[in-house]
$ cat final-v4.cif   # mmCIF, C-alpha atoms and all ligand atoms
data_my_file
#
loop_
_atom_site.label_atom_id
_atom_site.label_comp_id
_atom_site.auth_asym_id
_atom_site.auth_seq_id
_atom_site.Cartn_x
_atom_site.Cartn_y
_atom_site.Cartn_z
CA MET D 1 -75.10 -70.28 75.86
CA ASN D 2 -73.46 -70.29 72.45
CA PRO D 3 -74.79 -72.85 69.94
CA SER D 4 -71.42 -74.57 69.55
CA LEU D 5 -71.21 -75.43 73.24
CA THR D 6 -74.88 -76.41 73.25
CA LEU D 7 -74.24 -78.91 70.48
CA THR D 8 -71.20 -80.32 72.28
CA LEU D 9 -73.26 -80.83 75.43
CA LEU D 10 -76.17 -82.26 73.46
CA LEU D 11 -73.92 -84.80 71.79
CA ALA D 12 -72.24 -85.75 75.07
CA LEU D 13 -75.59 -86.19 76.82
CA GLY D 14 -77.17 -87.97 73.86
CA LEU D 15 -74.27 -90.38 73.60
CA LEU D 16 -74.24 -91.03 77.33
CA ALA D 17 -77.98 -91.73 77.30
CA GLN D 18 -77.70 -93.93 74.22
CA VAL D 19 -74.83 -96.03 75.59
CA ALA D 20 -76.52 -96.37 78.98
CA LEU D 21 -79.78 -97.43 77.33
CA LYS D 22 -78.08 -99.94 75.04
CA LEU D 23 -76.06 -101.49 77.86
CA TRP D 24 -79.10 -101.62 80.10
CA LEU D 25 -81.16 -103.35 77.39
CA ASN D 26 -78.32 -105.79 76.91
CA VAL D 27 -78.15 -106.57 80.63
CA ARG D 28 -81.92 -107.07 80.70
CA GLN D 29 -81.71 -109.48 77.78
CA VAL D 30 -78.90 -111.45 79.44
CA ARG D 31 -80.78 -111.66 82.76
CA HIS D 32 -84.06 -112.64 81.15
CA VAL D 33 -82.56 -115.36 78.99
CA ALA D 34 -80.35 -116.71 81.78
CA ASP D 35 -83.31 -116.80 84.19
CA HIS D 36 -85.31 -118.93 81.75
CA ARG D 37 -82.46 -121.18 80.69
CA HIS D 38 -83.20 -124.01 83.12
CA ALA D 39 -86.52 -125.08 81.58
CA VAL D 40 -88.33 -125.04 78.24
CA PRO D 41 -91.39 -122.75 78.45
CA ALA D 42 -94.48 -124.85 79.23
CA ALA D 43 -96.12 -124.20 75.85
CA TYR D 44 -93.16 -125.84 74.07
CA ALA D 45 -92.36 -128.61 76.53
CA GLN D 46 -93.62 -131.17 74.01
CA THR D 47 -91.96 -129.74 70.90
CA ILE D 48 -88.58 -128.31 71.98
CA ALA D 49 -85.85 -130.36 73.63
CA LEU D 50 -84.15 -128.89 76.71
CA ALA D 51 -80.75 -129.15 74.98
CA ASP D 52 -81.99 -127.02 72.06
CA HIS D 53 -83.55 -124.49 74.40
CA GLN D 54 -80.29 -124.18 76.29
CA LYS D 55 -78.25 -123.91 73.12
CA ALA D 56 -80.48 -121.00 72.03
CA ALA D 57 -79.98 -119.39 75.45
CA ASP D 58 -76.20 -119.78 75.34
CA TYR D 59 -76.05 -118.47 71.77
CA THR D 60 -78.11 -115.42 72.73
CA LEU D 61 -75.89 -114.79 75.75
CA ALA D 62 -72.71 -115.09 73.68
CA LYS D 63 -74.06 -112.59 71.16
CA ALA D 64 -75.04 -110.21 73.96
CA ARG D 65 -71.54 -110.35 75.46
CA LEU D 66 -70.02 -109.41 72.12
CA ALA D 67 -72.62 -106.68 71.61
CA GLN D 68 -71.43 -105.02 74.82
CA TRP D 69 -67.99 -104.46 73.33
CA ASP D 70 -69.53 -103.27 70.11
CA ILE D 71 -71.56 -100.63 71.97
CA LEU D 72 -68.52 -99.36 73.82
CA LEU D 73 -66.28 -99.38 70.75
CA ASP D 74 -68.87 -97.46 68.72
CA ALA D 75 -69.14 -94.81 71.42
CA LEU D 76 -65.37 -94.48 71.74
CA LEU D 77 -64.98 -94.21 67.99
CA LEU D 78 -67.63 -91.50 67.81
CA LEU D 79 -65.93 -89.53 70.59
CA GLY D 80 -62.54 -90.04 68.93
CA TRP D 81 -63.79 -88.69 65.62
CA THR D 82 -65.66 -85.72 67.03
CA LEU D 83 -64.96 -84.20 70.42
CA MET D 84 -61.44 -85.65 70.63
CA GLY D 85 -60.60 -84.14 67.26
CA GLY D 86 -59.89 -87.23 65.11
CA LEU D 87 -61.81 -86.00 62.10
CA ASP D 88 -60.15 -82.61 62.32
CA VAL D 89 -56.70 -84.23 62.34
CA LEU D 90 -57.58 -86.42 59.36
CA ASN D 91 -58.96 -83.45 57.44
CA GLN D 92 -55.95 -81.23 58.18
CA TRP D 93 -53.56 -83.99 57.21
CA LEU D 94 -55.36 -84.61 53.90
CA LEU D 95 -55.33 -80.88 53.19
CA SER D 96 -51.58 -80.86 53.81
CA VAL D 97 -50.93 -83.60 51.27
CA MET D 98 -53.49 -82.78 48.59
CA ALA D 99 -55.01 -79.70 47.06
CA PRO D 100 -58.48 -78.76 48.29
CA GLY D 101 -61.20 -79.84 45.91
CA LEU D 102 -63.53 -82.66 45.05
CA LEU D 103 -60.75 -85.25 45.18
CA GLN D 104 -59.69 -84.23 48.68
CA GLN D 105 -63.34 -84.17 49.79
CA THR D 106 -63.93 -87.66 48.44
CA ALA D 107 -60.68 -88.88 49.99
CA LEU D 108 -61.81 -87.62 53.40
CA VAL D 109 -65.06 -89.57 53.34
CA VAL D 110 -63.35 -92.69 51.98
CA ALA D 111 -60.56 -92.52 54.59
CA PHE D 112 -63.16 -92.07 57.32
CA MET D 113 -65.07 -95.14 56.15
CA LEU D 114 -61.96 -97.29 55.73
CA ILE D 115 -60.68 -96.43 59.21
CA GLY D 116 -64.07 -97.24 60.71
CA GLY D 117 -64.09 -100.54 58.82
CA VAL D 118 -60.62 -101.49 60.05
CA VAL D 119 -61.47 -100.64 63.66
CA GLY D 120 -64.60 -102.79 63.45
CA LEU D 121 -62.79 -105.71 61.87
CA PRO D 122 -61.70 -107.55 65.05
CA LEU D 123 -65.26 -107.66 66.39
CA SER D 124 -66.60 -108.81 63.05
CA LEU D 125 -63.99 -111.59 63.00
CA MET D 126 -64.90 -112.58 66.55
CA GLN D 127 -68.54 -112.70 65.55
CA THR D 128 -67.97 -115.00 62.58
CA PHE D 129 -65.07 -117.17 63.74
CA GLY D 130 -65.79 -116.93 67.47
CA VAL D 131 -69.49 -116.97 68.31
CA GLU D 132 -70.92 -118.36 65.06
CA GLN D 133 -68.16 -120.97 64.92
CA ARG D 134 -68.67 -122.12 68.50
CA PHE D 135 -72.37 -122.73 67.92
CA GLY D 136 -71.81 -124.54 64.65
CA PHE D 137 -73.29 -121.87 62.39
CA ASN D 138 -70.16 -120.64 60.70
CA LYS D 139 -69.30 -122.37 57.42
CA THR D 140 -67.08 -119.58 56.09
CA THR D 141 -63.38 -120.23 55.66
CA VAL D 142 -60.81 -117.51 56.18
CA ALA D 143 -60.12 -117.55 52.43
CA LEU D 144 -63.80 -117.07 51.57
CA TRP D 145 -64.11 -114.37 54.22
CA LEU D 146 -61.16 -112.49 52.73
CA ALA D 147 -62.53 -112.92 49.21
CA ASP D 148 -65.88 -111.50 50.38
CA LEU D 149 -64.09 -108.57 51.97
CA ALA D 150 -62.12 -107.85 48.80
CA LYS D 151 -65.22 -108.15 46.60
CA GLY D 152 -67.13 -105.88 48.97
CA LEU D 153 -64.41 -103.25 48.78
CA VAL D 154 -64.23 -103.35 44.98
CA LEU D 155 -68.00 -103.26 44.70
CA GLY D 156 -68.17 -100.38 47.17
CA ALA D 157 -65.59 -98.49 45.12
CA VAL D 158 -67.26 -99.15 41.77
CA LEU D 159 -70.82 -98.46 42.92
CA GLY D 160 -70.28 -96.12 45.84
CA LEU D 161 -67.50 -93.77 44.74
CA PRO D 162 -69.33 -92.21 41.78
CA LEU D 163 -72.37 -91.59 43.98
CA LEU D 164 -70.27 -90.09 46.75
CA ALA D 165 -68.43 -87.82 44.33
CA LEU D 166 -71.73 -86.78 42.77
CA VAL D 167 -73.28 -85.90 46.14
CA LEU D 168 -70.19 -83.93 47.20
CA TRP D 169 -70.18 -82.12 43.87
CA LEU D 170 -73.88 -81.28 44.23
CA MET D 171 -73.25 -79.94 47.73
CA GLU D 172 -70.84 -77.48 46.12
CA ALA D 173 -72.44 -76.70 42.80
CA GLY D 174 -76.12 -77.50 43.34
CA GLY D 175 -77.09 -74.20 44.91
CA ALA D 176 -79.37 -73.76 47.91
CA LEU D 177 -81.49 -76.75 46.92
CA TRP D 178 -78.55 -79.11 46.44
CA TRP D 179 -80.12 -81.53 48.93
CA LEU D 180 -83.13 -81.99 46.67
CA TRP D 181 -80.89 -82.91 43.72
CA ALA D 182 -78.82 -85.17 45.94
CA TRP D 183 -82.01 -86.86 47.09
CA GLY D 184 -83.03 -87.48 43.49
CA ALA D 185 -79.63 -89.00 42.82
CA LEU D 186 -79.85 -91.23 45.90
CA VAL D 187 -83.34 -92.46 45.03
CA PHE D 188 -82.32 -93.20 41.48
CA TRP D 189 -79.20 -94.99 42.72
CA GLN D 190 -81.17 -97.08 45.18
CA LEU D 191 -83.64 -98.18 42.51
CA PHE D 192 -80.79 -98.91 40.13
CA LEU D 193 -79.06 -101.09 42.75
CA MET D 194 -82.27 -102.96 43.43
CA ALA D 195 -82.72 -103.59 39.72
CA ILE D 196 -79.23 -104.97 39.21
CA ALA D 197 -78.93 -106.80 42.55
CA PRO D 198 -80.46 -110.15 41.52
CA ASN D 199 -78.54 -110.47 38.26
CA VAL D 200 -75.32 -108.58 38.85
CA ILE D 201 -74.48 -108.14 42.54
CA MET D 202 -75.80 -111.20 44.32
CA PRO D 203 -74.23 -113.72 41.90
CA LEU D 204 -70.84 -112.27 42.84
CA PHE D 205 -71.25 -113.73 46.30
CA ASN D 206 -73.50 -116.75 45.85
CA LYS D 207 -74.54 -119.35 43.34
CA PHE D 208 -78.16 -119.35 42.30
CA THR D 209 -79.49 -122.51 40.74
CA PRO D 210 -83.04 -122.97 39.50
CA LEU D 211 -85.14 -125.00 41.91
CA GLN D 212 -84.84 -128.64 40.83
CA ASP D 213 -87.38 -130.34 43.07
CA GLU D 214 -90.31 -130.84 40.68
CA SER D 215 -92.94 -131.62 43.29
CA LEU D 216 -91.96 -128.58 45.34
CA LYS D 217 -91.96 -126.46 42.21
CA ALA D 218 -95.47 -127.65 41.34
CA ARG D 219 -96.66 -126.81 44.87
CA VAL D 220 -95.06 -123.41 44.77
CA GLN D 221 -96.45 -122.62 41.34
CA SER D 222 -99.98 -123.58 42.31
CA LEU D 223 -99.71 -121.40 45.42
CA MET D 224 -98.53 -118.47 43.31
CA GLN D 225 -101.38 -118.97 40.90
CA ARG D 226 -103.94 -119.16 43.70
CA ALA D 227 -102.57 -115.98 45.18
CA GLY D 228 -102.32 -114.27 41.80
CA PHE D 229 -98.55 -113.71 41.70
CA GLN D 230 -96.00 -113.86 39.00
CA ALA D 231 -92.30 -114.34 39.47
CA LYS D 232 -89.64 -114.98 36.90
CA GLY D 233 -88.13 -117.90 38.67
CA PHE D 234 -87.47 -119.97 41.73
CA PHE D 235 -83.89 -120.24 42.82
CA VAL D 236 -81.87 -122.03 45.42
CA MET D 237 -78.99 -120.08 46.91
CA ASP D 238 -75.92 -121.80 48.35
CA GLY D 239 -76.26 -120.05 51.71
CA SER D 240 -74.61 -123.07 53.33
CA ARG D 241 -71.26 -121.91 51.97
CA ARG D 242 -71.12 -119.29 54.67
CA SER D 243 -73.58 -120.10 57.39
CA ALA D 244 -76.00 -122.72 58.65
CA HIS D 245 -78.62 -120.02 59.24
CA SER D 246 -81.54 -120.30 56.84
CA ASN D 247 -83.88 -117.95 55.08
CA ALA D 248 -86.12 -117.34 52.09
CA PHE D 249 -86.71 -114.05 50.32
CA PHE D 250 -88.03 -112.20 47.34
CA THR D 251 -85.73 -110.06 45.30
CA GLY D 252 -85.93 -107.72 42.35
CA PHE D 253 -89.01 -105.95 41.19
CA GLY D 254 -91.08 -105.80 38.04
CA ALA D 255 -89.93 -108.36 35.54
CA SER D 256 -86.87 -109.46 37.50
CA LYS D 257 -88.90 -110.54 40.53
CA ARG D 258 -87.77 -113.90 41.83
CA VAL D 259 -88.08 -116.19 44.81
CA VAL D 260 -84.90 -117.37 46.50
CA PHE D 261 -84.65 -120.23 48.98
CA PHE D 262 -81.49 -120.90 50.97
CA ASP D 263 -80.30 -124.46 50.39
CA THR D 264 -80.24 -124.80 54.18
CA LEU D 265 -83.98 -124.13 54.25
CA LEU D 266 -84.66 -126.92 51.77
CA GLN D 267 -82.84 -129.34 54.04
CA GLN D 268 -84.73 -128.30 57.14
CA LEU D 269 -88.33 -127.96 56.00
CA SER D 270 -90.85 -130.32 54.47
CA PRO D 271 -92.47 -129.28 51.16
CA ALA D 272 -95.66 -128.25 52.98
CA GLU D 273 -93.64 -126.09 55.36
CA MET D 274 -91.70 -124.56 52.46
CA GLU D 275 -95.00 -123.62 50.88
CA ALA D 276 -96.10 -121.91 54.08
CA VAL D 277 -92.85 -119.96 54.26
CA LEU D 278 -93.28 -118.85 50.67
CA ALA D 279 -96.88 -117.84 51.39
CA HIS D 280 -95.51 -115.67 54.19
CA GLU D 281 -93.15 -113.99 51.71
CA LEU D 282 -96.06 -113.50 49.32
CA GLY D 283 -97.89 -111.84 52.19
CA HIS D 284 -95.19 -109.18 52.29
CA PHE D 285 -95.86 -108.53 48.62
CA ARG D 286 -99.63 -108.59 48.94
CA HIS D 287 -99.46 -105.98 51.70
CA ARG D 288 -96.97 -103.91 49.66
CA HIS D 289 -94.48 -103.95 52.53
CA ILE D 290 -91.48 -103.47 50.28
CA VAL D 291 -92.97 -100.43 48.55
CA LYS D 292 -94.04 -98.97 51.90
CA MET D 293 -90.61 -99.56 53.39
CA MET D 294 -88.99 -97.81 50.44
CA ALA D 295 -91.39 -94.89 50.67
CA VAL D 296 -90.53 -94.43 54.35
CA SER D 297 -86.83 -94.73 53.63
CA PHE D 298 -86.98 -92.18 50.80
CA ALA D 299 -88.98 -89.74 52.94
CA THR D 300 -86.51 -90.12 55.83
CA THR D 301 -83.61 -89.57 53.47
CA LEU D 302 -85.22 -86.41 52.14
CA ALA D 303 -85.79 -85.04 55.64
CA GLY D 304 -82.23 -85.98 56.60
CA LEU D 305 -80.72 -84.27 53.57
CA ALA D 306 -82.77 -81.12 54.14
CA LEU D 307 -81.50 -81.05 57.72
CA LEU D 308 -77.95 -81.59 56.50
CA GLY D 309 -78.42 -78.77 53.99
CA TRP D 310 -79.17 -76.42 56.85
CA LEU D 311 -76.59 -77.76 59.32
CA ALA D 312 -73.77 -77.61 56.77
CA GLN D 313 -74.27 -73.81 56.69
CA GLN D 314 -73.85 -73.36 60.43
CA ALA D 315 -70.35 -72.80 61.81
CA TRP D 316 -71.39 -74.20 65.20
CA PHE D 317 -72.24 -77.54 63.57
CA TYR D 318 -68.50 -78.02 62.97
CA THR D 319 -66.99 -76.36 65.99
CA GLY D 320 -69.52 -77.95 68.34
CA LEU D 321 -68.42 -81.37 67.08
CA GLY D 322 -64.69 -80.83 67.40
CA VAL D 323 -63.87 -79.74 63.87
CA ALA D 324 -62.51 -76.43 62.60
CA PRO D 325 -64.31 -75.61 59.35
CA SER D 326 -62.14 -74.23 56.59
CA MET D 327 -62.67 -70.61 55.67
CA SER D 328 -61.24 -70.95 52.17
CA ALA D 329 -62.02 -74.51 51.09
CA SER D 330 -65.22 -76.59 50.98
CA ASN D 331 -66.54 -78.22 54.15
CA SER D 332 -69.03 -80.52 52.43
CA ALA D 333 -67.22 -83.74 53.23
CA LEU D 334 -66.82 -82.71 56.87
CA ALA D 335 -70.51 -81.92 57.13
CA LEU D 336 -71.44 -85.25 55.54
CA VAL D 337 -69.22 -87.28 57.86
CA LEU D 338 -70.30 -85.42 61.00
CA PHE D 339 -73.90 -85.95 60.02
CA MET D 340 -73.38 -89.70 59.51
CA LEU D 341 -71.69 -89.87 62.92
CA VAL D 342 -74.13 -87.86 64.98
CA VAL D 343 -77.56 -88.71 63.58
CA PRO D 344 -77.53 -92.39 64.65
CA VAL D 345 -76.92 -91.33 68.27
CA PHE D 346 -80.30 -89.65 68.38
CA ALA D 347 -82.04 -91.89 65.85
CA PHE D 348 -81.53 -94.87 68.17
CA PHE D 349 -84.25 -93.56 70.46
CA LEU D 350 -86.67 -94.01 67.56
CA ALA D 351 -85.61 -97.63 66.99
CA PRO D 352 -88.74 -99.00 68.74
CA LEU D 353 -90.86 -97.31 66.07
CA SER D 354 -89.24 -98.94 63.08
CA SER D 355 -88.90 -102.28 64.87
CA TRP D 356 -92.58 -102.15 65.77
CA ARG D 357 -93.56 -101.40 62.19
CA SER D 358 -91.48 -104.31 60.97
CA ARG D 359 -93.00 -106.72 63.51
CA VAL D 360 -96.52 -105.62 62.55
CA GLN D 361 -95.65 -106.46 58.95
CA GLU D 362 -94.43 -109.90 59.97
CA PHE D 363 -97.75 -110.58 61.69
CA GLU D 364 -99.58 -109.42 58.55
CA ALA D 365 -97.48 -111.73 56.38
CA ASP D 366 -98.13 -114.62 58.78
CA ALA D 367 -101.86 -113.97 58.67
CA TYR D 368 -101.76 -113.95 54.89
CA ALA D 369 -99.82 -117.24 54.87
CA ALA D 370 -102.40 -118.78 57.17
CA SER D 371 -105.13 -117.73 54.75
CA GLN D 372 -103.40 -119.43 51.80
CA THR D 373 -101.90 -122.55 53.38
CA PRO D 374 -102.71 -124.59 56.51
CA ALA D 375 -101.71 -122.61 59.60
CA ALA D 376 -100.23 -125.78 61.09
CA ASP D 377 -97.60 -125.86 58.33
CA LEU D 378 -96.53 -122.30 59.05
CA ALA D 379 -96.48 -122.97 62.78
CA SER D 380 -94.24 -126.00 62.46
CA ALA D 381 -92.02 -124.22 59.92
CA LEU D 382 -91.59 -121.24 62.25
CA LEU D 383 -90.78 -123.48 65.18
CA LYS D 384 -88.16 -125.33 63.13
CA LEU D 385 -86.64 -122.09 61.82
CA TYR D 386 -86.40 -120.49 65.24
CA GLN D 387 -84.95 -123.69 66.63
CA ASP D 388 -82.42 -124.21 63.84
CA ASN D 389 -81.31 -120.60 64.10
CA ALA D 390 -81.07 -120.97 67.90
CA SER D 391 -83.38 -117.99 68.45
CA THR D 392 -84.33 -117.81 72.07
CA LEU D 393 -87.97 -118.41 73.00
CA THR D 394 -87.59 -116.18 76.04
CA PRO D 395 -86.16 -112.80 75.03
CA ASP D 396 -86.55 -109.75 77.27
CA PRO D 397 -89.76 -107.95 76.19
CA LEU D 398 -88.15 -104.50 76.21
CA PHE D 399 -85.13 -105.73 74.25
CA VAL D 400 -87.60 -107.08 71.69
CA LYS D 401 -89.26 -103.67 71.41
CA PHE D 402 -85.97 -102.01 70.47
CA TYR D 403 -84.21 -104.57 68.36
CA TYR D 404 -86.48 -107.31 67.04
CA SER D 405 -87.56 -106.83 63.43
CA HIS D 406 -89.35 -110.21 63.70
CA PRO D 407 -91.58 -111.04 66.65
CA PRO D 408 -90.32 -113.82 68.93
CA ALA D 409 -91.56 -117.29 67.98
CA SER D 410 -93.91 -117.41 70.94
CA ASP D 411 -95.74 -114.24 69.82
CA ARG D 412 -96.07 -115.41 66.24
CA LEU D 413 -97.38 -118.81 67.27
CA ALA D 414 -99.81 -117.23 69.72
CA ARG D 415 -101.22 -115.08 66.90
CA LEU D 416 -101.69 -118.21 64.79
CA GLN D 417 -103.71 -119.95 67.51
CA PRO D 418 -107.18 -119.02 66.15
CA ALA D 419 -106.23 -120.20 62.66
CA LEU D 420 -104.71 -123.35 64.12
CA ALA D 421 -107.85 -124.05 66.14
CA ALA D 422 -110.03 -123.47 63.07
CA GLY D 423 -107.90 -125.84 60.99
CA ALA D 424 -107.82 -128.61 63.59
ZN ZN Y 1 -91.37 -111.87 56.93
#
$ encode --input "final-v4.cif" --output "structure tokens" --more "lines below"
Ligand SMILES: [Zn+2]
Amino acid sequence: MNPSLTLTLLLALGLLAQVALKLWLNVRQVRHVADHRHAVPAAYAQTIALADHQKAADYTLAKARLAQWDILLDALLLLGWTLMGGLDVLNQWLLSVMAPGLLQQTALVVAFMLIGGVVGLPLSLMQTFGVEQRFGFNKTTVALWLADLAKGLVLGAVLGLPLLALVLWLMEAGGALWWLWAWGALVFWQLFLMAIAPNVIMPLFNKFTPLQDESLKARVQSLMQRAGFQAKGFFVMDGSRRSAHSNAFFTGFGASKRVVFFDTLLQQLSPAEMEAVLAHELGHFRHRHIVKMMAVSFATTLAGLALLGWLAQQAWFYTGLGVAPSMSASNSALALVLFMLVVPVFAFFLAPLSSWRSRVQEFEADAYAASQTPAADLASALLKLYQDNASTLTPDPLFVKFYYSHPPASDRLARLQPALAAGA
């Protein structure tokens, strides 16, 4: 069988398997949550009200219903771009209105991304103003949503376009090892973005005010000292402008390292619980999770680019995916777009691996928190967070394996049991 047809069949089968798996996982999640909706699990009968448990169930079900459409739309879009010839049409049209070259190549990738963004817009709107709104989480106004969209586009153009043009240029002019140069550029770019994020990017979307609460600050500082950490500052972010969901995180590295609490978190948790949440975040640092995650991401990117470097040379890579490569002009942009479209289809089957790694890291951070602060504080903070975010206590175990970057509350609390027993 010729390689072009093999690739076509491989994509069709891969996509079919991926969509079937995703829909099946979704159905499992819906069934599991609906089956447990009638009663709070025995372990939480004393701490969680039935109304809250049912709200979490309904919220999970609403999200799953929307996810179904998302899965189908993604699959249709992929088919439309590739086997149904959408990308080929777009490329031919661009070539008919502009001269071949770097500008046309860049325009192709940008047009592809913009079209994808527009197609995904209705579902994103339904998510924010439908589901999130109905469950009382959405605080975004249409005006703020539009402003975010505009800022995101400008930011994407300012920060993303030069990188895209550079990569496309390297694909042309970088020789056989262009992918190595492109990788260097991507790594540098990623580090640069991380360095400017706290001071330049994030303030475009949110207000960061230094933590005012003196007693909390004293607590937090003494915890940091005990644990041997330094951070430039403690900030409160106005997360409540957009959503009632809450969070805390570290950002920046080196000298710009800082701790950020959502204002919503400050309202929900007691100072002791805040301290436990911060200790959890410190745990991520102590175990070098961020560095490890970046190392894995850089290694994956390198492998991906090397693969792309090879695929871009093969005529069947284009024809097998519904595109006629140009004989006279560059095909770099086509190769890049096809790669971005096709790789996720197969990468999804590896999702349990990365989700598992992430959940292991959460357990490690929890264990660290329990070693620095009373485990009871972390336990009650977790319960409050899961409850306030309407996270279901009864997710489908297989769904968890694929999608959950954080273990379900029940698993995290179960792991804390020994520490809780020792502290009691
Ligand atoms: Zn964590």
$ residues_near_ligand --input "final-v4.cif" --ligand "ligand ZN 1 (chain Y)" --cutoff "12 Å" --atoms "only C-alpha atoms and all ligand atoms" --output "VMD selection string"
chain D and resid 247 to 250 276 to 287 289 to 290 357 to 369 378 382 405 to 407 412
$ write_last_selection --input "final-v4.cif" --atoms "C-alpha atoms" --output "JSON list (two decimals), in the frame of the given file"
[["chain", "number", "residue", "atom", "x", "y", "z"],
["D", 247, "ASN", "CA", -83.88, -117.95, 55.08],
["D", 248, "ALA", "CA", -86.12, -117.34, 52.09],
["D", 249, "PHE", "CA", -86.71, -114.05, 50.32],
["D", 250, "PHE", "CA", -88.03, -112.20, 47.34],
["D", 276, "ALA", "CA", -96.10, -121.91, 54.08],
["D", 277, "VAL", "CA", -92.85, -119.96, 54.26],
["D", 278, "LEU", "CA", -93.28, -118.85, 50.67],
["D", 279, "ALA", "CA", -96.88, -117.84, 51.39],
["D", 280, "HIS", "CA", -95.51, -115.67, 54.19],
["D", 281, "GLU", "CA", -93.15, -113.99, 51.71],
["D", 282, "LEU", "CA", -96.06, -113.50, 49.32],
["D", 283, "GLY", "CA", -97.89, -111.84, 52.19],
["D", 284, "HIS", "CA", -95.19, -109.18, 52.29],
["D", 285, "PHE", "CA", -95.86, -108.53, 48.62],
["D", 286, "ARG", "CA", -99.63, -108.59, 48.94],
["D", 287, "HIS", "CA", -99.46, -105.98, 51.70],
["D", 289, "HIS", "CA", -94.48, -103.95, 52.53],
["D", 290, "ILE", "CA", -91.48, -103.47, 50.28],
["D", 357, "ARG", "CA", -93.56, -101.40, 62.19],
["D", 358, "SER", "CA", -91.48, -104.31, 60.97],
["D", 359, "ARG", "CA", -93.00, -106.72, 63.51],
["D", 360, "VAL", "CA", -96.52, -105.62, 62.55],
["D", 361, "GLN", "CA", -95.65, -106.46, 58.95],
["D", 362, "GLU", "CA", -94.43, -109.90, 59.97],
["D", 363, "PHE", "CA", -97.75, -110.58, 61.69],
["D", 364, "GLU", "CA", -99.58, -109.42, 58.55],
["D", 365, "ALA", "CA", -97.48, -111.73, 56.38],
["D", 366, "ASP", "CA", -98.13, -114.62, 58.78],
["D", 367, "ALA", "CA", -101.86, -113.97, 58.67],
["D", 368, "TYR", "CA", -101.76, -113.95, 54.89],
["D", 369, "ALA", "CA", -99.82, -117.24, 54.87],
["D", 378, "LEU", "CA", -96.53, -122.30, 59.05],
["D", 382, "LEU", "CA", -91.59, -121.24, 62.25],
["D", 405, "SER", "CA", -87.56, -106.83, 63.43],
["D", 406, "HIS", "CA", -89.35, -110.21, 63.70],
["D", 407, "PRO", "CA", -91.58, -111.04, 66.65],
["D", 412, "ARG", "CA", -96.07, -115.41, 66.24]]
$ residues_around --input "final-v4.cif" --residues "Leu168 (chain D)" --least-positions-apart "5" --cutoff "8 Å" --atoms "all atoms listed in the file" --output "list in words"
Leu102, Gln105, Thr106, Ser332 and Ala333 of chain D
$ atom_distance --input "final-v4.cif" --atom1 "CA of Gln225 (chain D)" --atom2 "CA of Ala370 (chain D)"
16.3 Å
$ atom_distance --input "final-v4.cif" --atom1 "CA of Val33 (chain D)" --atom2 "CA of Thr128 (chain D)"
22.0 Å
$ closest_residue --input "final-v4.cif" --among "D:Trp183, D:Phe188, D:Trp316, D:Phe349" --to "Ala20 (chain D)" --atoms "only C-alpha atoms"
D:Phe349
$ residues_near_point --input "final-v4.cif" --point "(-68.4, -88.8, 63.4)" --cutoff "8 Å" --atoms "only C-alpha atoms" --output "MDAnalysis selection string"
chainID D and resid 77:79 81:82 87 337:342
$ residues_around --input "final-v4.cif" --residues "region 145-153 of chain D" --least-positions-apart "2" --cutoff "10 Å" --atoms "all atoms listed in the file" --output "list in words"
Leu114, Leu125, Thr128, Phe129, Thr140, Thr141, Val142, Ala143, Leu155, Gly156, Ala157, Val158, Leu159, Gly160, Leu204, Phe205 and Arg242 of chain D
$ closest_residue --input "final-v4.cif" --among "D:Thr301, D:Met237, D:Leu385, D:Ala12" --to "Met84 (chain D)" --atoms "only C-alpha atoms"
D:Ala12
$ atom_distance --input "final-v4.cif" --atom1 "CA of Gln46 (chain D)" --atom2 "CA of Ala419 (chain D)"
20.2 Å
$ residues_around --input "final-v4.cif" --residues "region 56-71 of chain D" --least-positions-apart "2" --cutoff "6 Å" --atoms "all atoms listed in the file" --output "list in words"
Val30, Val33, His53, Gln54, Leu73, Asp74, Ala390, Ser391 and Thr392 of chain D
$ closest_residue --input "final-v4.cif" --among "D:Leu177, D:Leu94, D:Ala347, D:Leu9" --to "Ala111 (chain D)" --atoms "all atoms listed in the file"
D:Leu94
$ closest_residue --input "final-v4.cif" --among "D:Ser410, D:Gln133, D:Gln230, D:Asn91" --to "Pro397 (chain D)" --atoms "all atoms listed in the file"
D:Ser410
$ closest_residue --input "final-v4.cif" --among "D:Pro122, D:Pro203, D:Pro162, D:Pro408" --to "Val110 (chain D)" --atoms "all atoms listed in the file"
D:Pro162
$ closest_residue --input "final-v4.cif" --among "D:Val19, D:Leu193, D:Ser371, D:Pro344" --to "Leu72 (chain D)" --atoms "all atoms listed in the file"
D:Val19
$ axis_aligned_box --input "final-v4.cif" --around "region 271-283 of chain D" --padding-each-side "5 Å" --output "AutoDock Vina command-line options"
--center_x -94.8 --center_y -120.6 --center_z 52.3 --size_x 16.2 --size_y 27.4 --size_z 16.0
